[in-house]
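Following: one structure in structure tokens, then a few remarks.
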Amino acid sequence: MTDAETLDAGLRAMGIELGAAIQSTLLLYRDLLAKWNQAFNLTAVRDPARMVPYHLLDSLAVLPFLDQAPGNRILDIGSGGGLPGIPLALARPQRWFMLLDSNQKKATFLRQATIELKLPNVKVVSERAETFAADAFDIVLSRAFSDLTTFAKAAMRVLAPTGRMLALKGAPPTAEIDALPGEVEVRETVELHVPGVDGQRCLVVMAAAS
């Protein structure tokens, strides 16, 4: 299959509907990521074809849960090469995303990507998550940023009272969940099935303890 066919088939398998124009732009983003990766070391995945399942589909797997969460202000902590923030921002242009990463080189790529992909609903900030300050976000998410406690402590600082924290992980992180502080409540841990991705994937949905 071509990369376009792999992307389309993967989205259909996950029950996600995205138009041809959005799918084409997702592949343009993949091309940018592969190009800049040669100099900036944005991802360990070097093969552009493998980036389709391991980056595009894996990021978009969170989309149904993002749609269930209220509010439009979304923060991607430790965005790196724009994952999962940029694919999600392309898929949901009506929502507003901030991509946060302390690495200046990665932030430079993120800013260039938002320009080339014409993403007016995305803002890039280069700061450490532990000291970042901003108005409250409805959703704070991360993909391979850190352990759950580190992520939750950073996220809680800028999370709206009714907000949600979404952490994309590999196998269910039982030990990390057990180590969470009392002010963090795990609402659910959902197994994700991402076509073309080997190994387990899951989403941990958290909120401030009630």
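In the structure tokens, each chain is lettered A, B, ... as it comes, each chain's residues begin at 1, and ligands are numbered from 1 in order of appearance.
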All strand (DSSP E or B) residues (DSSP, backbone) inside region 9-206 of chain A, as a PyMOL selection string: chain A and resi 73-77+96-100+122-125+137-143+159-169+184-192+201-206
Using 12 Å as the limit and counting only C-alpha atoms, can you tabulate each residue of region 162-198 of chain A that touches region 74-98 of chain A, with its shortest atom-to-atom distance in Å and the two atoms involved, as JSON lines?
{"residue": "A:Gly163", "atom": "CA", "partner": "A:Ile74", "partner_atom": "CA", "distance": 9.8}
{"residue": "A:Arg164", "atom": "CA", "partner": "A:Ile74", "partner_atom": "CA", "distance": 9.8}
{"residue": "A:Met165", "atom": "CA", "partner": "A:Leu75", "partner_atom": "CA", "distance": 9.5}
{"residue": "A:Leu166", "atom": "CA", "partner": "A:Asp76", "partner_atom": "CA", "distance": 9.6}
{"residue": "A:Ala167", "atom": "CA", "partner": "A:Ile77", "partner_atom": "CA", "distance": 9.9}
{"residue": "A:Leu168", "atom": "CA", "partner": "A:Pro84", "partner_atom": "CA", "distance": 9.0}
I need the residues from that last selection saved to file as a PDB file, in the first residue's frame (with C-alpha atoms), if you can.
ATOM      1  CA  GLY A 163     -10.299  19.760  32.937  1.00  0.00           C
ATOM      2  CA  ARG A 164      -8.865  16.422  31.895  1.00  0.00           C
ATOM      3  CA  MET A 165      -5.328  15.098  31.561  1.00  0.00           C
ATOM      4  CA  LEU A 166      -4.717  12.595  28.753  1.00  0.00           C
ATOM      5  CA  ALA A 167      -1.485  10.584  28.771  1.00  0.00           C
ATOM      6  CA  LEU A 168      -0.613   8.304  25.846  1.00  0.00           C
TER       7      LEU A 168
END
Nearest to Leu18 (chain A), chosen from A:Ile115, A:Met51, A:Ala207, A:Leu57, with only C-alpha atoms counted in the distances: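 Checking each of A:Ile115, A:Met51, A:Ala207, A:Leu57 against Leu18 (chain A), counting only C-alpha atoms, the winner is A:Leu57.
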Residue set, region 30-114 of chain A restricted to alpha helix (DSSP H), as a ChimeraX atom specification: /A:30-40,48-51,58-60,63-68,85-91,104-114
Atomic distance CA of Cys202 (chain A) - CA of Ala69 (chain A), expressed in Å with one decimal: 17.1 Å
Close residues, Lys105 (chain A) itself excluded, 8 Å, only C-alpha atoms, min 3 positions apart in chain, as a list in words: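 Final neighbour list, sorted by chain and number: Phe40, Thr108 and Phe109 of chain A.
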Shell of 10 Å around Ala133 (chain A), only C-alpha atoms, local chain residues under 3 positions omitted, as a list in words: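 My list of contacting residues is Glu127, Arg128, Ala129, Glu130, Ala136, Ala154, Arg157 and Val158 of chain A.
With distances restricted to only C-alpha atoms, A:Pro181 is the closest residue to Thr149 (chain A) from A:Pro181, A:Pro70, A:Gly15, A:Pro120.
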Atom-to-atom span, CA of Val124 (chain A) and CA of Leu99 (chain A), Å: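 Between CA of Val124 (chain A) and CA of Leu99 (chain A) the gap works out to 4.8 Å.
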Residues within 12 Å of Ala9 (chain A), only C-alpha atoms, excluding chain neighbours under 6 positions, as a count of residues only: 14
Residue nearest Arg12 (chain A) - candidates A:Leu148, A:Leu60, A:Leu33, A:Leu42, atoms counted: only C-alpha atoms: A:Leu60
Atomic distance CA of Arg187 (chain A) - CA of Val62 (chain A), expressed in Å with one decimal: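 Result for CA of Arg187 (chain A) versus CA of Val62 (chain A): 15.0 Å, one decimal.
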Selected residue of minimal separation from Gly10 (chain A) among A:Ser59, A:Ser102, A:Gln112, A:Gln68, counting only C-alpha atoms: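 Selected residue with least distance to Gly10 (chain A): A:Ser59.
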Nearest residue to Ala160 (chain A) from the set A:Thr25, A:Phe137, A:Glu185, A:Val45 (distances using only C-alpha atoms):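 Ranked by minimum distance to Ala160 (chain A), first place goes to A:Phe137.
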Nearest-residue call for Pro161 (chain A), choices A:Leu117, A:Ala134, A:Ala209, A:Ala179, using only C-alpha atoms: A:Ala209
